[in-house]
>>> print(open('protein12.txt').read())   # compact mmCIF, N, CA and C atoms
# COMPACT_ATOMS: atom_id res chain seq x y z
N MET C 24 109.71 72.24 103.59
CA MET C 24 108.57 73.10 103.33
C MET C 24 107.28 72.34 103.58
N GLY C 25 106.64 72.67 104.62
CA GLY C 25 105.38 72.02 104.93
C GLY C 25 104.24 72.76 104.27
N GLY C 26 103.08 72.30 104.49
CA GLY C 26 101.91 72.96 103.94
C GLY C 26 100.90 71.93 103.52
N THR C 27 99.80 72.44 103.08
CA THR C 27 98.75 71.54 102.65
C THR C 27 98.88 71.29 101.15
N SER C 28 98.53 70.12 100.78
CA SER C 28 98.55 69.76 99.36
C SER C 28 97.32 70.36 98.70
N PRO C 29 97.45 70.76 97.45
CA PRO C 29 96.28 71.28 96.76
C PRO C 29 95.24 70.18 96.55
N ASP C 30 94.00 70.59 96.50
CA ASP C 30 92.91 69.63 96.29
C ASP C 30 92.85 69.29 94.80
N LEU C 31 93.23 68.10 94.47
CA LEU C 31 93.26 67.66 93.09
C LEU C 31 92.07 66.76 92.74
N SER C 32 91.09 66.70 93.62
CA SER C 32 89.97 65.79 93.41
C SER C 32 89.20 66.09 92.12
N PHE C 33 89.14 67.38 91.72
CA PHE C 33 88.42 67.71 90.50
C PHE C 33 89.01 66.96 89.31
N PHE C 34 90.34 66.87 89.24
CA PHE C 34 91.01 66.26 88.10
C PHE C 34 90.78 64.76 88.03
N GLN C 35 90.33 64.18 89.13
CA GLN C 35 90.01 62.75 89.16
C GLN C 35 88.51 62.50 89.08
N SER C 36 87.73 63.57 89.05
CA SER C 36 86.27 63.44 89.07
C SER C 36 85.73 62.94 87.73
N GLN C 37 84.50 62.46 87.77
CA GLN C 37 83.83 62.00 86.55
C GLN C 37 83.68 63.14 85.56
N THR C 38 83.40 64.34 86.05
CA THR C 38 83.27 65.50 85.17
C THR C 38 84.56 65.76 84.42
N ALA C 39 85.67 65.74 85.12
CA ALA C 39 86.96 65.96 84.48
C ALA C 39 87.26 64.86 83.47
N GLN C 40 86.95 63.63 83.82
CA GLN C 40 87.17 62.52 82.89
C GLN C 40 86.32 62.68 81.63
N ASN C 41 85.08 63.12 81.82
CA ASN C 41 84.20 63.35 80.67
C ASN C 41 84.72 64.47 79.79
N LEU C 42 85.21 65.54 80.41
CA LEU C 42 85.76 66.66 79.64
C LEU C 42 86.98 66.22 78.83
N ARG C 43 87.84 65.42 79.43
CA ARG C 43 89.02 64.92 78.72
C ARG C 43 88.60 64.03 77.55
N ALA C 44 87.64 63.16 77.78
CA ALA C 44 87.16 62.26 76.72
C ALA C 44 86.54 63.08 75.58
N GLU C 45 85.75 64.09 75.94
CA GLU C 45 85.12 64.94 74.94
C GLU C 45 86.18 65.68 74.12
N GLY C 46 87.21 66.15 74.78
CA GLY C 46 88.30 66.83 74.09
C GLY C 46 89.02 65.91 73.13
N ARG C 47 89.26 64.67 73.57
CA ARG C 47 89.90 63.69 72.68
C ARG C 47 89.03 63.41 71.47
N GLU C 48 87.72 63.25 71.70
CA GLU C 48 86.80 62.95 70.60
C GLU C 48 86.76 64.11 69.60
N GLU C 49 86.75 65.34 70.12
CA GLU C 49 86.76 66.50 69.23
C GLU C 49 88.05 66.54 68.42
N GLY C 50 89.16 66.18 69.05
CA GLY C 50 90.43 66.14 68.34
C GLY C 50 90.44 65.09 67.25
N VAL C 51 89.86 63.94 67.54
CA VAL C 51 89.78 62.87 66.54
C VAL C 51 88.88 63.32 65.39
N ALA C 52 87.76 63.96 65.71
CA ALA C 52 86.84 64.43 64.67
C ALA C 52 87.52 65.47 63.79
N ALA C 53 88.25 66.39 64.39
CA ALA C 53 88.95 67.41 63.61
C ALA C 53 89.98 66.77 62.69
N THR C 54 90.70 65.79 63.20
CA THR C 54 91.70 65.10 62.39
C THR C 54 91.04 64.34 61.25
N ARG C 55 89.93 63.67 61.53
CA ARG C 55 89.23 62.91 60.49
C ARG C 55 88.71 63.86 59.41
N ALA C 56 88.17 65.01 59.82
CA ALA C 56 87.68 66.00 58.86
C ALA C 56 88.82 66.50 57.97
N GLU C 57 89.96 66.79 58.57
CA GLU C 57 91.12 67.24 57.80
C GLU C 57 91.59 66.14 56.85
N ASP C 58 91.53 64.89 57.29
CA ASP C 58 91.91 63.76 56.43
C ASP C 58 90.99 63.67 55.21
N ILE C 59 89.70 63.90 55.42
CA ILE C 59 88.74 63.87 54.30
C ILE C 59 89.10 64.94 53.29
N LEU C 60 89.36 66.15 53.77
CA LEU C 60 89.70 67.25 52.87
C LEU C 60 91.02 66.99 52.15
N LEU C 61 91.99 66.45 52.85
CA LEU C 61 93.27 66.12 52.24
C LEU C 61 93.09 65.05 51.16
N LEU C 62 92.33 64.02 51.46
CA LEU C 62 92.07 62.95 50.51
C LEU C 62 91.39 63.48 49.25
N LEU C 63 90.35 64.29 49.44
CA LEU C 63 89.64 64.86 48.30
C LEU C 63 90.57 65.75 47.48
N GLY C 64 91.36 66.57 48.16
CA GLY C 64 92.29 67.45 47.46
C GLY C 64 93.31 66.66 46.66
N ASP C 65 93.87 65.62 47.25
CA ASP C 65 94.85 64.79 46.56
C ASP C 65 94.25 64.09 45.35
N ARG C 66 92.97 63.81 45.42
CA ARG C 66 92.29 63.13 44.31
C ARG C 66 91.76 64.12 43.28
N GLY C 67 91.94 65.43 43.52
CA GLY C 67 91.51 66.44 42.57
C GLY C 67 90.03 66.77 42.62
N VAL C 68 89.38 66.40 43.71
CA VAL C 68 87.95 66.70 43.87
C VAL C 68 87.82 68.12 44.43
N GLU C 69 87.08 68.95 43.72
CA GLU C 69 86.87 70.33 44.15
C GLU C 69 85.94 70.35 45.37
N VAL C 70 86.36 71.11 46.39
CA VAL C 70 85.58 71.20 47.62
C VAL C 70 85.21 72.67 47.84
N PRO C 71 83.96 73.04 47.53
CA PRO C 71 83.52 74.42 47.76
C PRO C 71 83.60 74.78 49.24
N GLU C 72 83.69 76.06 49.54
CA GLU C 72 83.85 76.52 50.92
C GLU C 72 82.71 76.02 51.82
N GLU C 73 81.49 76.02 51.32
CA GLU C 73 80.36 75.56 52.12
C GLU C 73 80.53 74.10 52.54
N ALA C 74 81.00 73.27 51.60
CA ALA C 74 81.23 71.86 51.90
C ALA C 74 82.40 71.70 52.87
N ARG C 75 83.45 72.50 52.68
CA ARG C 75 84.61 72.48 53.58
C ARG C 75 84.17 72.79 55.01
N GLU C 76 83.35 73.81 55.16
CA GLU C 76 82.85 74.19 56.49
C GLU C 76 81.99 73.09 57.08
N ARG C 77 81.17 72.45 56.26
CA ARG C 77 80.31 71.36 56.75
C ARG C 77 81.16 70.20 57.25
N ILE C 78 82.21 69.85 56.50
CA ILE C 78 83.08 68.75 56.90
C ILE C 78 83.82 69.11 58.18
N LEU C 79 84.43 70.30 58.21
CA LEU C 79 85.20 70.70 59.39
C LEU C 79 84.32 70.90 60.62
N GLY C 80 83.06 71.23 60.42
CA GLY C 80 82.15 71.48 61.54
C GLY C 80 81.52 70.23 62.11
N CYS C 81 81.65 69.12 61.41
CA CYS C 81 81.02 67.88 61.87
C CYS C 81 81.81 67.28 63.03
N GLN C 82 81.13 66.93 64.10
CA GLN C 82 81.75 66.31 65.27
C GLN C 82 81.33 64.86 65.46
N ASP C 83 80.51 64.35 64.54
CA ASP C 83 79.99 62.99 64.64
C ASP C 83 80.98 62.03 63.96
N LEU C 84 81.69 61.24 64.75
CA LEU C 84 82.69 60.34 64.20
C LEU C 84 82.09 59.31 63.25
N GLY C 85 80.87 58.89 63.50
CA GLY C 85 80.21 57.94 62.61
C GLY C 85 79.98 58.53 61.23
N VAL C 86 79.48 59.74 61.19
CA VAL C 86 79.24 60.43 59.92
C VAL C 86 80.56 60.68 59.21
N LEU C 87 81.56 61.15 59.96
CA LEU C 87 82.86 61.40 59.36
C LEU C 87 83.47 60.12 58.79
N GLY C 88 83.25 59.01 59.45
CA GLY C 88 83.74 57.73 58.95
C GLY C 88 83.10 57.37 57.62
N VAL C 89 81.79 57.58 57.53
CA VAL C 89 81.07 57.31 56.27
C VAL C 89 81.60 58.22 55.17
N TRP C 90 81.74 59.52 55.49
CA TRP C 90 82.24 60.47 54.49
C TRP C 90 83.65 60.11 54.05
N PHE C 91 84.49 59.67 54.99
CA PHE C 91 85.86 59.30 54.64
C PHE C 91 85.87 58.13 53.66
N ARG C 92 85.08 57.10 53.95
CA ARG C 92 85.02 55.94 53.06
C ARG C 92 84.50 56.34 51.68
N ARG C 93 83.50 57.21 51.64
CA ARG C 93 82.98 57.66 50.35
C ARG C 93 84.02 58.50 49.60
N ALA C 94 84.81 59.30 50.36
CA ALA C 94 85.81 60.17 49.73
C ALA C 94 86.89 59.39 49.00
N ILE C 95 87.07 58.15 49.35
CA ILE C 95 88.09 57.32 48.71
C ILE C 95 87.81 57.15 47.21
N THR C 96 86.54 57.09 46.85
CA THR C 96 86.18 56.86 45.45
C THR C 96 85.34 57.99 44.84
N ALA C 97 84.90 58.94 45.64
CA ALA C 97 84.00 60.00 45.16
C ALA C 97 84.68 60.87 44.10
N VAL C 98 83.89 61.28 43.11
CA VAL C 98 84.38 62.22 42.10
C VAL C 98 83.81 63.62 42.33
N SER C 99 82.96 63.74 43.36
CA SER C 99 82.40 65.04 43.72
C SER C 99 82.08 65.04 45.21
N VAL C 100 81.96 66.23 45.77
CA VAL C 100 81.60 66.35 47.17
C VAL C 100 80.19 65.82 47.40
N ALA C 101 79.33 65.98 46.42
CA ALA C 101 77.95 65.46 46.54
C ALA C 101 77.97 63.95 46.81
N GLU C 102 78.90 63.24 46.19
CA GLU C 102 79.01 61.80 46.43
C GLU C 102 79.48 61.51 47.85
N VAL C 103 80.31 62.37 48.40
CA VAL C 103 80.78 62.19 49.76
C VAL C 103 79.61 62.30 50.72
N PHE C 104 78.80 63.34 50.54
CA PHE C 104 77.66 63.55 51.42
C PHE C 104 76.56 62.54 51.16
N GLY C 105 76.44 62.04 49.94
CA GLY C 105 75.42 61.04 49.61
C GLY C 105 74.05 61.66 49.50
N ALA C 106 73.19 61.01 48.76
CA ALA C 106 71.84 61.54 48.52
C ALA C 106 71.05 61.66 49.81
N SER C 107 71.20 60.70 50.72
CA SER C 107 70.42 60.71 51.96
C SER C 107 70.94 61.74 52.95
N ASP C 108 72.18 62.25 52.73
CA ASP C 108 72.77 63.24 53.64
C ASP C 108 72.62 64.66 53.11
N ALA C 109 72.10 64.84 51.93
CA ALA C 109 72.05 66.16 51.30
C ALA C 109 71.25 67.12 52.16
N GLY C 110 71.74 68.37 52.16
CA GLY C 110 70.96 69.36 52.90
C GLY C 110 71.81 70.21 53.65
>>> encode(input="protein12.txt", output="structure tokens")
Amino acid sequence: MGGTSPDLSFFQSQTAQNLRAEGREEGVAATRAEDILLLLGDRGVEVPEEARERILGCQDLGVLGVWFRRAITAVSVAEVFGASDAG
């Protein structure tokens, strides 16, 4: 079976690589957010729906990392967000 090969250059392009990296980062952020909620739940910290949405909606891995570390010892969601993050 002869024929021409499909043009696969898009999948090797910088745009495609960026899209894949962005997708991976979003996946890591979603997992980190779920880990924060799981940690808080296991520790008995009440997480109101607004806070849950804020955590799940965050895509900044740096912020999520800070929140995760705070969640280890926090007794409230306010402590997770911290005074400087309130709002």
>>> residues_around(input="protein12.txt", residues="region 82-90 of chain C", least_positions_apart="5", cutoff="6 Å", atoms="all atoms listed in the file", output="list in words")
Ala52, Val103 and Phe104 of chain C
>>> closest_residue(input="protein12.txt", among="C:Ala56, C:Val70, C:Val51, C:Leu61", to="Ala101 (chain C)", atoms="only C-alpha atoms")
C:Val70
>>> residues_around(input="protein12.txt", residues="Ile59 (chain C)", least_positions_apart="2", cutoff="8 Å", atoms="all atoms listed in the file", output="JSON, numbers by chain")
{"C": [53, 54, 55, 56, 57, 61, 62, 63, 64, 65, 78, 87, 90, 91, 92, 94, 95]}
>>> write_last_selection(input="protein12.txt", atoms="N, CA and C atoms", output="PDB file, keeping the file's coordinate frame")
ATOM      1  N   ALA C  53      88.250  66.390  64.390  1.00  0.00           N
ATOM      2  CA  ALA C  53      88.950  67.410  63.610  1.00  0.00           C
ATOM      3  C   ALA C  53      89.980  66.770  62.690  1.00  0.00           C
ATOM      4  N   THR C  54      90.700  65.790  63.200  1.00  0.00           N
ATOM      5  CA  THR C  54      91.700  65.100  62.390  1.00  0.00           C
ATOM      6  C   THR C  54      91.040  64.340  61.250  1.00  0.00           C
ATOM      7  N   ARG C  55      89.930  63.670  61.530  1.00  0.00           N
ATOM      8  CA  ARG C  55      89.230  62.910  60.490  1.00  0.00           C
ATOM      9  C   ARG C  55      88.710  63.860  59.410  1.00  0.00           C
ATOM     10  N   ALA C  56      88.170  65.010  59.820  1.00  0.00           N
ATOM     11  CA  ALA C  56      87.680  66.000  58.860  1.00  0.00           C
ATOM     12  C   ALA C  56      88.820  66.500  57.970  1.00  0.00           C
ATOM     13  N   GLU C  57      89.960  66.790  58.570  1.00  0.00           N
ATOM     14  CA  GLU C  57      91.120  67.240  57.800  1.00  0.00           C
ATOM     15  C   GLU C  57      91.590  66.140  56.850  1.00  0.00           C
ATOM     16  N   LEU C  61      91.990  66.450  52.850  1.00  0.00           N
ATOM     17  CA  LEU C  61      93.270  66.120  52.240  1.00  0.00           C
ATOM     18  C   LEU C  61      93.090  65.050  51.160  1.00  0.00           C
ATOM     19  N   LEU C  62      92.330  64.020  51.460  1.00  0.00           N
ATOM     20  CA  LEU C  62      92.070  62.950  50.510  1.00  0.00           C
ATOM     21  C   LEU C  62      91.390  63.480  49.250  1.00  0.00           C
ATOM     22  N   LEU C  63      90.350  64.290  49.440  1.00  0.00           N
ATOM     23  CA  LEU C  63      89.640  64.860  48.300  1.00  0.00           C
ATOM     24  C   LEU C  63      90.570  65.750  47.480  1.00  0.00           C
ATOM     25  N   GLY C  64      91.360  66.570  48.160  1.00  0.00           N
ATOM     26  CA  GLY C  64      92.290  67.450  47.460  1.00  0.00           C
ATOM     27  C   GLY C  64      93.310  66.660  46.660  1.00  0.00           C
ATOM     28  N   ASP C  65      93.870  65.620  47.250  1.00  0.00           N
ATOM     29  CA  ASP C  65      94.850  64.790  46.560  1.00  0.00           C
ATOM     30  C   ASP C  65      94.250  64.090  45.350  1.00  0.00           C
ATOM     31  N   ILE C  78      82.210  69.850  56.500  1.00  0.00           N
ATOM     32  CA  ILE C  78      83.080  68.750  56.900  1.00  0.00           C
ATOM     33  C   ILE C  78      83.820  69.110  58.180  1.00  0.00           C
ATOM     34  N   LEU C  87      81.560  61.150  59.960  1.00  0.00           N
ATOM     35  CA  LEU C  87      82.860  61.400  59.360  1.00  0.00           C
ATOM     36  C   LEU C  87      83.470  60.120  58.790  1.00  0.00           C
ATOM     37  N   TRP C  90      81.740  59.520  55.490  1.00  0.00           N
ATOM     38  CA  TRP C  90      82.240  60.470  54.490  1.00  0.00           C
ATOM     39  C   TRP C  90      83.650  60.110  54.050  1.00  0.00           C
ATOM     40  N   PHE C  91      84.490  59.670  54.990  1.00  0.00           N
ATOM     41  CA  PHE C  91      85.860  59.300  54.640  1.00  0.00           C
ATOM     42  C   PHE C  91      85.870  58.130  53.660  1.00  0.00           C
ATOM     43  N   ARG C  92      85.080  57.100  53.950  1.00  0.00           N
ATOM     44  CA  ARG C  92      85.020  55.940  53.060  1.00  0.00           C
ATOM     45  C   ARG C  92      84.500  56.340  51.680  1.00  0.00           C
ATOM     46  N   ALA C  94      84.810  59.300  50.360  1.00  0.00           N
ATOM     47  CA  ALA C  94      85.810  60.170  49.730  1.00  0.00           C
ATOM     48  C   ALA C  94      86.890  59.390  49.000  1.00  0.00           C
ATOM     49  N   ILE C  95      87.070  58.150  49.350  1.00  0.00           N
ATOM     50  CA  ILE C  95      88.090  57.320  48.710  1.00  0.00           C
ATOM     51  C   ILE C  95      87.810  57.150  47.210  1.00  0.00           C
TER      52      ILE C  95
END
>>> atom_distance(input="protein12.txt", atom1="CA of Gly50 (chain C)", atom2="atom C of Val100 (chain C)")
23.3 Å
>>> atom_distance(input="protein12.txt", atom1="atom C of Glu49 (chain C)", atom2="atom C of Glu102 (chain C)")
22.8 Å
>>> atom_distance(input="protein12.txt", atom1="atom C of Gly67 (chain C)", atom2="atom C of Ala97 (chain C)")
8.1 Å
>>> decode(input="protein12.txt", residues="region 49-61 of chain C", atoms="N, CA, C and O atoms", output="PDB file, in the first residue's frame")
ATOM      1  N   GLU C  49      -1.275  21.705  34.154  1.00  0.00           N
ATOM      2  CA  GLU C  49      -2.647  21.772  34.658  1.00  0.00           C
ATOM      3  C   GLU C  49      -2.994  20.495  35.409  1.00  0.00           C
ATOM      4  O   GLU C  49      -3.673  20.530  36.431  1.00  0.00           O
ATOM      5  N   GLY C  50      -2.519  19.362  34.908  1.00  0.00           N
ATOM      6  CA  GLY C  50      -2.762  18.094  35.586  1.00  0.00           C
ATOM      7  C   GLY C  50      -2.086  18.038  36.940  1.00  0.00           C
ATOM      8  O   GLY C  50      -2.664  17.556  37.918  1.00  0.00           O
ATOM      9  N   VAL C  51      -0.874  18.549  37.012  1.00  0.00           N
ATOM     10  CA  VAL C  51      -0.144  18.583  38.288  1.00  0.00           C
ATOM     11  C   VAL C  51      -0.862  19.521  39.254  1.00  0.00           C
ATOM     12  O   VAL C  51      -1.021  19.199  40.439  1.00  0.00           O
ATOM     13  N   ALA C  52      -1.321  20.668  38.766  1.00  0.00           N
ATOM     14  CA  ALA C  52      -2.028  21.625  39.620  1.00  0.00           C
ATOM     15  C   ALA C  52      -3.317  21.013  40.153  1.00  0.00           C
ATOM     16  O   ALA C  52      -3.634  21.156  41.340  1.00  0.00           O
ATOM     17  N   ALA C  53      -4.054  20.322  39.301  1.00  0.00           N
ATOM     18  CA  ALA C  53      -5.302  19.691  39.738  1.00  0.00           C
ATOM     19  C   ALA C  53      -5.023  18.637  40.800  1.00  0.00           C
ATOM     20  O   ALA C  53      -5.737  18.547  41.808  1.00  0.00           O
ATOM     21  N   THR C  54      -3.974  17.858  40.597  1.00  0.00           N
ATOM     22  CA  THR C  54      -3.611  16.829  41.573  1.00  0.00           C
ATOM     23  C   THR C  54      -3.192  17.459  42.890  1.00  0.00           C
ATOM     24  O   THR C  54      -3.591  17.006  43.966  1.00  0.00           O
ATOM     25  N   ARG C  55      -2.401  18.528  42.827  1.00  0.00           N
ATOM     26  CA  ARG C  55      -1.955  19.202  44.052  1.00  0.00           C
ATOM     27  C   ARG C  55      -3.152  19.781  44.802  1.00  0.00           C
ATOM     28  O   ARG C  55      -3.237  19.665  46.024  1.00  0.00           O
ATOM     29  N   ALA C  56      -4.095  20.375  44.073  1.00  0.00           N
ATOM     30  CA  ALA C  56      -5.295  20.935  44.703  1.00  0.00           C
ATOM     31  C   ALA C  56      -6.100  19.833  45.394  1.00  0.00           C
ATOM     32  O   ALA C  56      -6.554  20.000  46.535  1.00  0.00           O
ATOM     33  N   GLU C  57      -6.259  18.700  44.724  1.00  0.00           N
ATOM     34  CA  GLU C  57      -6.980  17.576  45.321  1.00  0.00           C
ATOM     35  C   GLU C  57      -6.243  17.058  46.550  1.00  0.00           C
ATOM     36  O   GLU C  57      -6.881  16.684  47.542  1.00  0.00           O
ATOM     37  N   ASP C  58      -4.911  17.043  46.507  1.00  0.00           N
ATOM     38  CA  ASP C  58      -4.115  16.614  47.662  1.00  0.00           C
ATOM     39  C   ASP C  58      -4.340  17.541  48.854  1.00  0.00           C
ATOM     40  O   ASP C  58      -4.424  17.080  50.002  1.00  0.00           O
ATOM     41  N   ILE C  59      -4.425  18.835  48.600  1.00  0.00           N
ATOM     42  CA  ILE C  59      -4.673  19.801  49.678  1.00  0.00           C
ATOM     43  C   ILE C  59      -6.018  19.514  50.325  1.00  0.00           C
ATOM     44  O   ILE C  59      -6.133  19.452  51.553  1.00  0.00           O
ATOM     45  N   LEU C  60      -7.039  19.313  49.502  1.00  0.00           N
ATOM     46  CA  LEU C  60      -8.376  19.048  50.036  1.00  0.00           C
ATOM     47  C   LEU C  60      -8.413  17.723  50.795  1.00  0.00           C
ATOM     48  O   LEU C  60      -9.045  17.625  51.855  1.00  0.00           O
ATOM     49  N   LEU C  61      -7.742  16.718  50.277  1.00  0.00           N
ATOM     50  CA  LEU C  61      -7.681  15.426  50.954  1.00  0.00           C
ATOM     51  C   LEU C  61      -6.978  15.557  52.303  1.00  0.00           C
ATOM     52  O   LEU C  61      -7.449  15.037  53.327  1.00  0.00           O
TER      53      LEU C  61
END
